[in-house]
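Shown below: entry-v1.txt, with compact mmCIF, C-alpha atoms.
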```
# COMPACT_ATOMS: atom_id res chain seq x y z
CA MET S 12 38.15 20.85 49.56
CA LYS S 13 36.43 21.37 46.20
CA LYS S 14 39.82 21.42 44.45
CA GLU S 15 40.86 18.24 46.23
CA LYS S 16 37.71 16.39 45.18
CA LYS S 17 38.16 17.57 41.60
CA ASP S 18 41.79 16.42 41.56
CA ILE S 19 40.85 13.04 43.03
CA PHE S 20 38.16 12.57 40.38
CA ILE S 21 40.36 13.58 37.42
CA VAL S 22 43.51 11.71 38.45
CA GLY S 23 41.50 8.70 39.65
CA LEU S 24 39.76 8.36 36.30
CA ALA S 25 43.05 8.81 34.47
CA LEU S 26 44.61 6.11 36.65
CA PHE S 27 41.73 3.76 35.87
CA GLY S 28 42.09 4.49 32.16
CA SER S 29 45.80 3.72 32.22
CA TYR S 30 45.19 0.36 33.91
CA PHE S 31 42.22 -0.72 31.86
CA GLY S 32 43.37 -1.58 28.37
CA ALA S 33 46.14 -3.48 26.61
CA GLY S 34 43.84 -6.40 25.96
CA ASN S 35 42.39 -6.58 29.47
CA LEU S 36 38.89 -6.79 28.02
CA ILE S 37 39.54 -10.29 26.71
CA PHE S 38 40.56 -11.96 29.98
CA PRO S 39 37.52 -11.67 32.33
CA PRO S 40 34.86 -13.10 29.97
CA LEU S 41 36.84 -16.29 29.35
CA LEU S 42 37.44 -16.71 33.09
CA GLY S 43 33.71 -16.47 33.70
CA PHE S 44 33.00 -18.80 30.80
CA LEU S 45 35.33 -21.50 32.19
CA SER S 46 34.26 -20.95 35.82
CA GLY S 47 30.51 -21.19 35.20
CA SER S 48 28.58 -21.31 38.46
CA GLN S 49 31.79 -20.54 40.38
CA TRP S 50 32.19 -17.20 38.61
CA SER S 51 32.19 -15.28 41.91
CA LEU S 52 35.25 -17.24 43.06
CA ALA S 53 36.94 -16.45 39.77
CA ALA S 54 36.08 -12.79 40.22
CA ILE S 55 37.70 -12.68 43.65
CA GLY S 56 40.91 -14.35 42.46
CA PHE S 57 41.20 -12.19 39.36
CA CYS S 58 40.42 -8.95 41.19
CA ILE S 59 43.10 -9.61 43.82
CA SER S 60 45.90 -9.88 41.25
CA ALA S 61 44.53 -7.64 38.50
CA VAL S 62 42.92 -4.88 40.59
CA LEU S 63 44.00 -4.84 44.24
CA MET S 64 47.71 -5.49 43.75
CA PRO S 65 48.26 -2.80 41.07
CA VAL S 66 46.43 -0.15 43.11
CA VAL S 67 48.28 -1.12 46.29
CA GLY S 68 51.53 -1.15 44.31
CA LEU S 69 51.03 2.47 43.26
CA TYR S 70 50.23 3.51 46.84
CA VAL S 71 53.32 1.69 48.10
CA ILE S 72 55.48 3.71 45.70
CA SER S 73 54.00 6.92 47.10
CA LYS S 74 54.39 5.68 50.67
CA ASN S 75 58.02 4.72 50.09
CA GLY S 76 59.35 8.09 49.03
CA GLY S 77 57.20 8.69 45.95
CA SER S 78 59.45 6.94 43.44
CA LEU S 79 60.81 3.51 42.61
CA GLU S 80 64.31 4.90 43.08
CA ALA S 81 63.65 5.86 46.70
CA MET S 82 61.80 2.62 47.33
CA THR S 83 64.68 0.37 46.19
CA GLU S 84 67.71 2.45 47.15
CA ASP S 85 68.44 0.11 50.06
CA ILE S 86 68.90 -2.78 47.61
CA HIS S 87 71.44 -0.87 45.48
CA LYS S 88 71.64 2.73 44.43
CA ASN S 89 71.33 1.73 40.75
CA PHE S 90 68.90 -1.15 41.20
CA ALA S 91 65.79 0.86 40.41
CA LYS S 92 67.40 2.43 37.38
CA PHE S 93 68.12 -0.89 35.70
CA LEU S 94 64.95 -2.61 36.90
CA LEU S 95 62.94 0.27 35.51
CA LEU S 96 65.00 0.22 32.32
CA PHE S 97 64.04 -3.42 31.86
CA ILE S 98 60.38 -2.66 32.56
CA MET S 99 60.40 0.26 30.15
CA VAL S 100 61.94 -1.80 27.36
CA PHE S 101 59.38 -4.52 28.04
CA ALA S 102 56.57 -1.98 27.93
CA GLY S 103 57.84 -0.41 24.74
CA CYS S 104 58.22 -3.74 22.96
CA ILE S 105 55.25 -5.66 24.41
CA SER S 106 52.68 -3.65 26.37
CA VAL S 107 52.43 -0.61 24.12
CA PRO S 108 52.24 -2.55 20.83
CA ARG S 109 49.70 -4.96 22.34
CA THR S 110 47.31 -2.10 22.95
CA GLY S 111 47.32 -1.28 19.24
CA ALA S 112 46.98 -4.88 18.11
CA VAL S 113 44.05 -5.51 20.46
CA ALA S 114 42.36 -2.25 19.48
CA TYR S 115 42.46 -3.37 15.86
CA GLU S 116 41.53 -7.04 16.23
CA LEU S 117 38.77 -6.65 18.83
CA GLY S 118 37.57 -3.18 17.97
CA PHE S 119 38.23 -1.62 14.62
CA LYS S 120 38.41 -4.74 12.47
CA SER S 121 34.90 -5.89 13.38
CA LEU S 122 33.50 -2.69 11.86
CA PHE S 123 35.94 -2.01 9.02
CA PRO S 124 37.44 -5.37 7.99
CA SER S 125 38.65 -3.99 4.67
CA ILE S 126 41.04 -1.51 6.31
CA SER S 127 44.44 -3.05 6.94
CA ILE S 128 46.07 -3.22 10.35
CA VAL S 129 48.95 -1.07 9.08
CA LEU S 130 46.71 1.91 8.29
CA PHE S 131 44.87 1.60 11.60
CA ILE S 132 48.07 1.32 13.63
CA ILE S 133 49.49 4.48 12.05
CA GLY S 134 46.42 6.49 13.03
CA TYR S 135 46.20 4.86 16.46
CA PHE S 136 49.75 5.70 17.48
CA ALA S 137 49.49 9.20 16.01
CA ILE S 138 46.63 9.89 18.45
CA ALA S 139 48.47 8.30 21.38
CA LEU S 140 51.57 10.34 20.59
CA TYR S 141 49.62 13.60 20.44
CA PHE S 142 48.22 13.20 23.96
CA SER S 143 51.48 11.90 25.42
CA LEU S 144 53.68 14.80 24.30
CA ASP S 145 52.55 16.91 27.24
CA ILE S 146 52.35 15.22 30.65
CA ASN S 147 49.74 17.52 32.18
CA ARG S 148 47.62 17.45 29.02
CA MET S 149 47.83 13.65 29.06
CA ILE S 150 46.48 13.39 32.62
CA ASN S 151 43.65 15.90 32.10
CA SER S 152 42.64 14.71 28.62
CA VAL S 153 42.46 11.06 29.61
CA GLY S 154 40.64 11.81 32.86
CA LYS S 155 38.15 14.35 31.53
CA PHE S 156 37.24 12.88 28.15
CA LEU S 157 38.47 9.47 27.06
CA THR S 158 37.93 7.55 30.31
CA PRO S 159 34.31 8.67 31.05
CA VAL S 160 33.31 7.63 27.53
CA LEU S 161 34.95 4.25 28.08
CA VAL S 162 33.20 3.74 31.42
CA VAL S 163 29.76 4.62 30.01
CA VAL S 164 30.11 2.24 27.05
CA LEU S 165 31.30 -0.71 29.14
CA LEU S 166 28.79 -0.19 31.94
CA GLY S 167 26.03 -0.03 29.33
CA ILE S 168 26.98 -3.48 28.03
CA ILE S 169 27.31 -4.93 31.53
CA ILE S 170 24.09 -3.45 32.97
CA LYS S 171 21.99 -4.60 30.02
CA GLY S 172 23.56 -8.06 30.24
CA ILE S 173 22.66 -8.29 33.93
CA PHE S 174 19.08 -6.98 33.77
CA THR S 175 18.26 -8.90 30.59
CA PRO S 176 20.14 -12.15 31.27
CA ILE S 177 21.62 -13.89 28.24
CA GLY S 178 21.92 -17.26 29.94
CA VAL S 179 22.49 -19.17 33.17
CA PRO S 180 25.97 -20.19 34.44
CA THR S 181 26.59 -23.93 34.27
CA PHE S 182 29.08 -26.29 35.91
CA PRO S 183 32.73 -25.12 35.91
CA GLN S 184 34.90 -26.27 33.03
CA GLN S 185 38.08 -25.33 34.90
CA SER S 186 39.52 -26.92 38.05
CA GLY S 187 41.15 -24.77 40.71
CA VAL S 188 39.05 -21.75 39.73
CA PHE S 189 40.47 -19.33 42.30
CA THR S 190 44.13 -20.13 41.66
CA HIS S 191 43.70 -20.14 37.89
CA SER S 192 41.93 -16.79 38.01
CA PHE S 193 44.53 -15.26 40.33
CA LEU S 194 47.38 -16.27 38.03
CA GLU S 195 45.41 -15.14 34.98
CA GLY S 196 45.41 -11.68 36.49
CA TYR S 197 49.16 -11.51 35.82
CA GLN S 198 48.34 -11.35 32.12
CA THR S 199 46.88 -7.86 32.53
CA GLY S 200 50.37 -6.69 33.47
CA ASP S 201 48.85 -3.97 35.62
CA LEU S 202 51.28 -4.36 38.52
CA ILE S 203 54.01 -3.67 35.97
CA VAL S 204 51.94 -0.71 34.83
CA SER S 205 51.99 0.64 38.41
CA TYR S 206 55.77 0.77 38.35
CA LEU S 207 55.68 2.13 34.82
CA ILE S 208 53.26 5.02 35.37
CA GLY S 209 53.84 5.63 39.08
CA THR S 210 56.30 8.48 38.59
CA VAL S 211 53.98 10.31 36.19
CA PHE S 212 50.86 10.06 38.35
CA ILE S 213 52.55 10.75 41.68
CA GLY S 214 54.47 13.60 40.05
CA ASP S 215 51.20 15.06 38.79
CA ILE S 216 49.72 14.83 42.27
CA VAL S 217 52.70 16.78 43.63
CA TYR S 218 52.37 19.28 40.77
CA ARG S 219 48.77 19.89 41.81
CA GLY S 220 49.97 21.11 45.21
CA TYR S 221 50.07 17.99 47.43
CA ARG S 222 53.73 18.25 48.36
CA THR S 223 54.11 16.64 51.79
CA GLY S 224 54.29 12.88 52.10
CA ARG S 225 51.05 12.75 54.06
CA GLU S 226 49.14 14.83 51.50
CA ARG S 227 50.59 12.89 48.58
CA ASN S 228 49.82 9.51 50.12
CA LYS S 229 46.28 10.54 51.00
CA LEU S 230 45.44 11.72 47.50
CA THR S 231 47.13 8.68 45.93
CA ALA S 232 45.01 6.41 48.13
CA TYR S 233 41.76 8.15 47.18
CA CYS S 234 42.63 8.09 43.49
CA GLY S 235 43.46 4.41 43.85
CA VAL S 236 40.06 3.70 45.40
CA ILE S 237 38.33 5.25 42.37
CA ALA S 238 40.41 3.13 40.00
CA LEU S 239 39.86 0.01 42.15
CA ILE S 240 36.07 0.38 42.25
CA LEU S 241 35.76 1.02 38.51
CA LEU S 242 38.10 -1.84 37.60
CA ALA S 243 36.35 -4.27 39.95
CA VAL S 244 32.87 -3.38 38.71
CA ILE S 245 33.84 -3.84 35.06
CA TYR S 246 35.93 -6.98 35.56
CA VAL S 247 33.29 -8.66 37.72
CA GLY S 248 30.60 -7.66 35.24
CA LEU S 249 32.53 -9.13 32.31
CA ILE S 250 33.23 -12.32 34.29
CA TYR S 251 29.52 -12.68 35.01
CA LEU S 252 28.61 -12.18 31.36
CA GLY S 253 31.14 -14.85 30.41
CA ALA S 254 29.62 -17.23 32.94
CA SER S 255 26.15 -16.51 31.55
CA VAL S 256 27.06 -17.97 28.15
CA SER S 257 29.04 -20.91 29.53
CA SER S 258 26.63 -23.41 27.99
CA TYR S 259 26.50 -21.87 24.51
CA TYR S 260 30.00 -22.27 23.10
CA PRO S 261 32.76 -24.92 22.99
CA LYS S 262 35.39 -24.90 25.74
CA ASP S 263 38.19 -23.98 23.36
CA ILE S 264 36.52 -20.83 22.05
CA ASP S 265 38.94 -18.00 21.38
CA ARG S 266 38.95 -15.08 23.86
CA SER S 267 38.23 -12.48 21.22
CA GLN S 268 35.46 -14.54 19.64
CA LEU S 269 33.80 -15.00 23.03
CA LEU S 270 33.86 -11.30 23.78
CA LEU S 271 32.43 -10.43 20.39
CA ALA S 272 29.73 -13.09 20.81
CA ILE S 273 28.73 -11.70 24.21
CA ALA S 274 28.44 -8.17 22.84
CA GLU S 275 26.24 -9.40 20.02
CA ARG S 276 23.99 -11.36 22.40
CA VAL S 277 23.61 -8.41 24.75
CA LEU S 278 23.13 -5.58 22.27
CA GLY S 279 22.61 -7.32 18.94
CA LYS S 280 24.55 -6.18 15.90
CA ASN S 281 24.73 -2.69 17.34
CA GLY S 282 26.67 -4.19 20.22
CA MET S 283 29.61 -4.56 17.89
CA LEU S 284 29.74 -0.78 17.56
CA PHE S 285 29.69 -0.23 21.32
CA LEU S 286 32.29 -2.93 21.89
CA SER S 287 34.55 -1.46 19.22
CA ILE S 288 34.38 1.95 20.88
CA ALA S 289 35.10 0.41 24.29
CA VAL S 290 38.09 -1.60 23.07
CA VAL S 291 39.72 1.24 21.16
CA LEU S 292 39.29 3.69 24.05
CA ALA S 293 40.51 1.20 26.64
CA CYS S 294 43.63 0.53 24.64
CA VAL S 295 44.44 4.08 23.58
CA THR S 296 44.17 5.42 27.15
CA THR S 297 46.64 2.76 28.29
CA ALA S 298 48.98 3.55 25.41
CA ILE S 299 48.96 7.26 26.26
CA GLY S 300 49.92 6.62 29.88
CA GLN S 301 52.64 4.13 29.01
CA ILE S 302 54.22 6.17 26.21
CA THR S 303 54.31 9.20 28.51
CA SER S 304 55.98 7.21 31.29
CA ILE S 305 58.52 5.66 28.91
CA ALA S 306 59.43 9.08 27.51
CA ASN S 307 59.71 10.54 30.99
CA PHE S 308 61.97 7.70 32.10
CA PHE S 309 64.41 7.92 29.21
CA HIS S 310 64.58 11.71 29.60
CA ASP S 311 65.64 11.25 33.24
CA PHE S 312 67.79 8.17 32.54
CA SER S 313 69.87 10.16 30.03
CA ASN S 314 70.13 13.17 32.36
CA GLY S 315 68.10 15.25 29.95
CA LYS S 316 70.09 14.35 26.85
CA ILE S 317 67.06 12.60 25.33
CA PRO S 318 64.18 15.09 25.09
CA HIS S 319 60.78 13.91 26.29
CA LYS S 320 59.24 14.48 22.87
CA ILE S 321 61.94 12.51 21.03
CA ALA S 322 61.56 9.57 23.42
CA ALA S 323 57.78 9.65 22.98
CA VAL S 324 58.12 9.61 19.19
CA VAL S 325 60.58 6.69 19.26
CA SER S 326 58.34 4.72 21.64
CA SER S 327 55.36 5.29 19.36
CA VAL S 328 57.27 4.21 16.24
CA VAL S 329 58.59 1.05 17.93
CA GLY S 330 55.11 0.27 19.27
CA ALA S 331 53.52 0.69 15.85
CA THR S 332 56.15 -1.50 14.19
CA ILE S 333 55.62 -4.41 16.60
CA ALA S 334 51.83 -3.99 16.82
CA VAL S 335 51.34 -5.09 13.21
CA LEU S 336 52.50 -8.60 14.25
CA GLY S 337 49.11 -9.16 15.87
CA VAL S 338 47.89 -10.07 19.36
CA GLU S 339 48.74 -13.77 19.45
CA ASN S 340 52.38 -13.28 18.46
CA ILE S 341 52.86 -10.48 20.96
CA VAL S 342 51.29 -12.51 23.79
CA TYR S 343 53.46 -15.52 22.90
CA TYR S 344 56.68 -13.54 23.20
CA ALA S 345 55.51 -11.78 26.37
CA THR S 346 54.69 -14.87 28.45
CA PRO S 347 58.23 -15.77 29.66
CA ILE S 348 58.91 -12.11 30.44
CA TYR S 349 55.85 -11.93 32.68
CA LYS S 350 57.01 -15.05 34.50
CA GLY S 351 60.45 -13.58 35.02
CA VAL S 352 59.34 -10.15 36.24
CA TYR S 353 55.96 -10.37 37.98
CA PRO S 354 56.92 -12.30 41.16
CA SER S 355 59.76 -9.87 41.86
CA LEU S 356 57.41 -6.91 41.60
CA ILE S 357 54.93 -8.63 43.93
CA VAL S 358 57.67 -9.17 46.52
CA LEU S 359 58.83 -5.58 46.09
CA MET S 360 55.27 -4.42 46.78
CA ILE S 361 54.98 -6.64 49.88
CA LEU S 362 58.33 -5.41 51.21
CA GLY S 363 57.17 -1.84 50.71
CA ILE S 364 53.97 -2.46 52.65
CA PHE S 365 55.82 -3.92 55.64
CA ARG S 366 58.91 -1.75 55.35
CA LYS S 367 58.92 -0.60 58.97
CA PHE S 368 59.06 -4.24 60.12
CA ILE S 369 62.00 -5.24 57.90
CA PRO S 370 65.07 -5.55 60.17
CA SER S 371 67.85 -4.61 57.74
CA LYS S 372 68.82 -3.61 54.23
CA GLN S 373 70.15 -7.12 53.69
CA SER S 374 66.69 -8.61 54.30
CA PHE S 375 65.25 -6.31 51.66
CA ARG S 376 68.02 -7.15 49.20
CA TYR S 377 68.12 -10.90 49.64
CA ALA S 378 64.34 -11.36 49.53
CA LEU S 379 64.10 -9.60 46.19
CA ILE S 380 67.27 -11.08 44.71
CA PHE S 381 66.27 -14.65 45.62
CA THR S 382 62.83 -14.08 44.11
CA LEU S 383 64.30 -12.67 40.92
CA ALA S 384 66.67 -15.63 40.57
CA VAL S 385 63.88 -18.20 40.84
CA SER S 386 61.61 -16.19 38.55
CA VAL S 387 64.26 -16.06 35.84
CA LEU S 388 64.67 -19.83 36.08
CA GLU S 389 60.93 -20.27 35.68
CA ALA S 390 60.98 -17.97 32.67
CA ILE S 391 63.74 -20.06 31.09
CA LEU S 392 61.77 -23.22 31.81
CA SER S 393 58.74 -21.80 30.02
CA VAL S 394 60.66 -21.61 26.72
CA ALA S 395 63.15 -24.47 27.06
CA ASN S 396 63.04 -27.89 28.72
CA VAL S 397 66.09 -27.82 30.99
CA PRO S 398 65.93 -30.91 33.26
CA SER S 399 68.12 -29.52 36.02
CA ILE S 400 66.04 -26.35 36.30
CA LYS S 401 62.81 -28.34 36.26
CA VAL S 402 64.01 -30.59 39.10
CA PHE S 403 64.94 -27.58 41.19
CA ILE S 404 61.66 -25.73 40.60
CA ASP S 405 59.56 -28.84 41.27
CA ILE S 406 61.02 -29.32 44.76
CA LEU S 407 59.99 -25.81 45.82
CA PRO S 408 56.71 -25.65 47.80
CA LEU S 409 53.73 -24.18 45.91
CA SER S 410 55.55 -24.43 42.58
CA GLY S 411 52.65 -26.39 41.13
CA LEU S 412 50.36 -23.45 41.91
CA GLY S 413 52.67 -20.87 40.37
CA PHE S 414 54.16 -19.61 43.63
CA ALA S 415 57.64 -21.15 43.55
CA TRP S 416 59.02 -17.75 44.58
CA VAL S 417 57.41 -17.70 48.03
CA LEU S 418 60.00 -19.88 49.81
CA PRO S 419 63.05 -18.17 48.22
CA ALA S 420 61.65 -14.76 49.14
CA THR S 421 61.06 -15.87 52.74
CA LEU S 422 64.53 -17.42 52.99
CA GLY S 423 66.10 -14.25 51.66
CA LEU S 424 64.25 -12.20 54.25
CA VAL S 425 65.36 -14.49 57.10
CA ILE S 426 68.98 -14.80 55.93
CA GLY S 427 69.20 -11.04 55.59
CA ALA S 428 67.80 -10.55 59.07
CA VAL S 429 70.39 -12.91 60.56
CA SER S 430 73.41 -11.68 58.63
CA GLY S 431 72.62 -7.99 58.16
CA SER S 432 72.95 -5.03 60.48
CA GLU S 433 72.38 -1.96 58.28
CA PRO S 434 69.08 -0.32 59.23
CA ILE S 435 66.61 0.14 56.41
CA THR S 436 65.59 3.63 55.33
CA GLN S 437 62.19 4.68 56.63
CA PHE S 438 59.79 7.24 55.16
CA GLU S 439 57.08 9.39 56.71
```
So that I can check it, write out the structure of this file as structure tokens.
Amino acid sequence: MKKEKKDIFIVGLALFGSYFGAGNLIFPPLLGFLSGSQWSLAAIGFCISAVLMPVVGLYVISKNGGSLEAMTEDIHKNFAKFLLLFIMVFAGCISVPRTGAVAYELGFKSLFPSISIVLFIIGYFAIALYFSLDINRMINSVGKFLTPVLVVVLLGIIIKGIFTPIGVPTFPQQSGVFTHSFLEGYQTGDLIVSYLIGTVFIGDIVYRGYRTGRERNKLTAYCGVIALILLAVIYVGLIYLGASVSSYYPKDIDRSQLLLAIAERVLGKNGMLFLSIAVVLACVTTAIGQITSIANFFHDFSNGKIPHKIAAVVSSVVGATIAVLGVENIVYYATPIYKGVYPSLIVLMILGIFRKFIPSKQSFRYALIFTLAVSVLEAILSVANVPSIKVFIDILPLSGLGFAWVLPATLGLVIGAVSGSEPITQFE
């Protein structure tokens, strides 16, 4: 029992550390700032998409055979391989570099503005590479050292901001607070992270001795609860702090400027030091988890021809090269990719939850394929004005709220149920 509690604590903290980063610090304060007195509604919407869904997504992977491959085999035997390949390339070119760019712009630069982003990025990715070269060392190092420091720093800022209020929330500056906040949670990319790091974390749980499906699922759930609680506390705290200064700054204030301003109001000039530590740690823990998962994937994808260490080095070099472009450029290029991928991963998660109720393999396949098709069209529409695509998307229910994929997914499920007869694979 003592070993189980220790494993839950270590892996749970490591899981939290891998989710919390990659610029996630900058999203909650602005949501609170725009939501004002409705900050609690914003917190609920954001936490559903940015906290609950990623944690549930990881559990669903464990529940459905312990890997994305097992989970999606009923769609096509190679579906997971190429879906994961796409996610890994996305992570290597967007998610990993964004962690470095954010760590510099929101953390390091505020303290050492004379040091160039190039020098910082080199050191940053050298550290991330060191911890990611050994999977077990990555899990234990992140869980035992980096993540507790991160939690203490962030909770210090939040607690002081709550007990010594820096302002009073005013009227909302954003309409549709809940929906806006829910969709803003996509920007964390943490559901993608679940599919990215799932194999590493679930594999580590098995390595620690939890080999049966029941044992693995139980420990995954407990670890997820730790990550969920920590993420929710910090996100809600940051949203509240943003709401507290909603009357002090113009509506178009930049996310990073708002976060820096809050830190200064809460802790004075010294707050910049604490914030810098928090940002760098949040980002580097995420980078470690993602680089490790990318290296692990390409090692398996190549049937061992690409060594784990070589893949980790290449991922780090690519990440460093793109990171020097800066946060805004990386976010700009990432937006259509999020729109094309996220809805499909949400549907995949939902299908995994209700797997035992899905009537056939065809239902599983069509629901996901229809969702992916519509999502790709929306991604195209976000970068190019194609009238025919726009007309089609606009006629879909809930498209104005960002849920154009709901009807296609439902239709795919129904059509598959009517036309299909192959029973879906079930897991213990």
Per residue of stretch 22-70 of chain S within 8 Å of stretch 259-268 of chain S, what are the shortest atom pair and its distance in Å to one decimal, counting all atoms listed in the file, with rows by chain and residue number, as CSV?
```
residue,atom,partner,partner_atom,distance
S:Ile37,CA,S:Arg266,CA,5.6
S:Phe38,CA,S:Arg266,CA,7.1
S:Pro40,CA,S:Arg266,CA,7.6
S:Leu41,CA,S:Arg266,CA,6.0
S:Leu45,CA,S:Lys262,CA,7.3
```
Problem - Pick from S:Ile86, S:Ile173, S:Met99, S:Leu79 nearest to S:Glu433, counting only C-alpha atoms - result: S:Ile86
Cut-off 12 Å: closest stretch 74-162 of chain S/stretch 304-313 of chain S atom pairs per residue, using all atoms listed in the file, as CSV:
```
residue,atom,partner,partner_atom,distance
S:Ser78,CA,S:Phe308,CA,11.6
S:Leu79,CA,S:Phe308,CA,11.4
S:Glu80,CA,S:Phe308,CA,11.6
S:Asn89,CA,S:Phe312,CA,11.0
S:Ala91,CA,S:Phe312,CA,10.9
S:Lys92,CA,S:Phe312,CA,7.5
S:Phe93,CA,S:Phe312,CA,9.6
S:Leu94,CA,S:Phe308,CA,11.8
S:Leu95,CA,S:Phe308,CA,8.2
S:Leu96,CA,S:Phe308,CA,8.1
S:Phe97,CA,S:Ile305,CA,11.0
S:Ile98,CA,S:Ile305,CA,9.3
S:Met99,CA,S:Ile305,CA,5.9
S:Val100,CA,S:Ile305,CA,8.4
S:Phe101,CA,S:Ile305,CA,10.3
S:Ala102,CA,S:Ile305,CA,7.9
S:Gly103,CA,S:Ile305,CA,7.4
S:Cys104,CA,S:Ile305,CA,11.1
S:Ser106,CA,S:Ile305,CA,11.3
S:Val107,CA,S:Ile305,CA,10.0
S:Leu140,CA,S:Ala306,CA,10.5
S:Ser143,CA,S:Ala306,CA,8.7
S:Leu144,CA,S:Ala306,CA,8.7
S:Asp145,CA,S:Asn307,CA,10.3
S:Ile146,CA,S:Asn307,CA,8.7
S:Met149,CA,S:Ser304,CA,10.6
S:Ile150,CA,S:Ser304,CA,11.4
```
Exercise for the section: Would you mind telling me which residue in S:Cys294, S:Ile348, S:Leu24, S:Ala322 lies nearest to S:Ala112 when using only C-alpha atoms? Expected result: S:Cys294
Completion exercise
Here atom CA of S:Phe90 and atom CA of S:Phe31 stand apart by 28.3 Å
Problem - Counting all atoms listed in the file, the option among S:Val163, S:Val113, S:Val62, S:Leu242 closest to S:Ala334 - result: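 Ranked by minimum distance to S:Ala334, first place goes to S:Val113.
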Problem - atom CA of S:Ser327 to atom CA of S:Ser287, distance in Å rounded to a single decimal - result: 21.9 Å
Problem - Computed interatomic separation between atom CA of S:Ala415 and atom CA of S:Ala390 (Å) - result: 11.8 Å
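Using all atoms listed in the file, the nearest neighbour of S:Phe414 within the list S:Ser393, S:Thr190, S:Asn35, S:Gln373 is S:Thr190.
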Practice task
Choose the residue, out of S:Gly118, S:Gly351, S:Pro108, S:Gly28, that has the smallest atom-to-atom separation from S:Leu388; count all atoms listed in the file.
Solution key: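 Once distances to S:Leu388 are computed over all atoms listed in the file, the minimum belongs to S:Gly351.
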Could you pull out every residue with an atom within 7 Å of (56.9, -13.4, 42.4), file coordinates, counting only C-alpha atoms, and send them as a compact mmCIF listing (two decimals) with C-alpha atoms, in the frame of the given file?
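Written output follows (result_23.txt):
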```
# COMPACT_ATOMS: atom_id res chain seq x y z
CA TYR S 353 55.96 -10.37 37.98
CA PRO S 354 56.92 -12.30 41.16
CA SER S 355 59.76 -9.87 41.86
CA LEU S 356 57.41 -6.91 41.60
CA ILE S 357 54.93 -8.63 43.93
CA VAL S 358 57.67 -9.17 46.52
CA THR S 382 62.83 -14.08 44.11
CA SER S 386 61.61 -16.19 38.55
CA PHE S 414 54.16 -19.61 43.63
CA TRP S 416 59.02 -17.75 44.58
```
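Each of S:Phe44, S:Tyr30, S:Tyr344, S:Trp50 was checked against S:Leu63 using all atoms listed in the file; the smallest atom-to-atom distance is that of S:Tyr30.
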Exercise for the section: Write out as a PyMOL selection string which residues come within 9 Å of S:Ile170 when counting all atoms listed in the file, dropping same-chain ones fewer than 5 positions away. Expected result: chain S and resi 165+175+248
Problem - Distance query S:Gly363 at most 9 Å, all atoms listed in the file, self and fewer than 5 positions along chain excluded, as an MDAnalysis selection string - result: chainID S and resid 68 71:72 74:75 82 358
Export C-alpha atoms of the chosen residues as an mmCIF file, keeping the file's coordinate frame?
```
data_model
loop_
_atom_site.group_PDB
_atom_site.id
_atom_site.type_symbol
_atom_site.label_atom_id
_atom_site.label_comp_id
_atom_site.auth_asym_id
_atom_site.auth_seq_id
_atom_site.Cartn_x
_atom_site.Cartn_y
_atom_site.Cartn_z
ATOM 1 C CA GLY S 68 51.530 -1.150 44.310
ATOM 2 C CA VAL S 71 53.320 1.690 48.100
ATOM 3 C CA ILE S 72 55.480 3.710 45.700
ATOM 4 C CA LYS S 74 54.390 5.680 50.670
ATOM 5 C CA ASN S 75 58.020 4.720 50.090
ATOM 6 C CA MET S 82 61.800 2.620 47.330
ATOM 7 C CA VAL S 358 57.670 -9.170 46.520
#
```
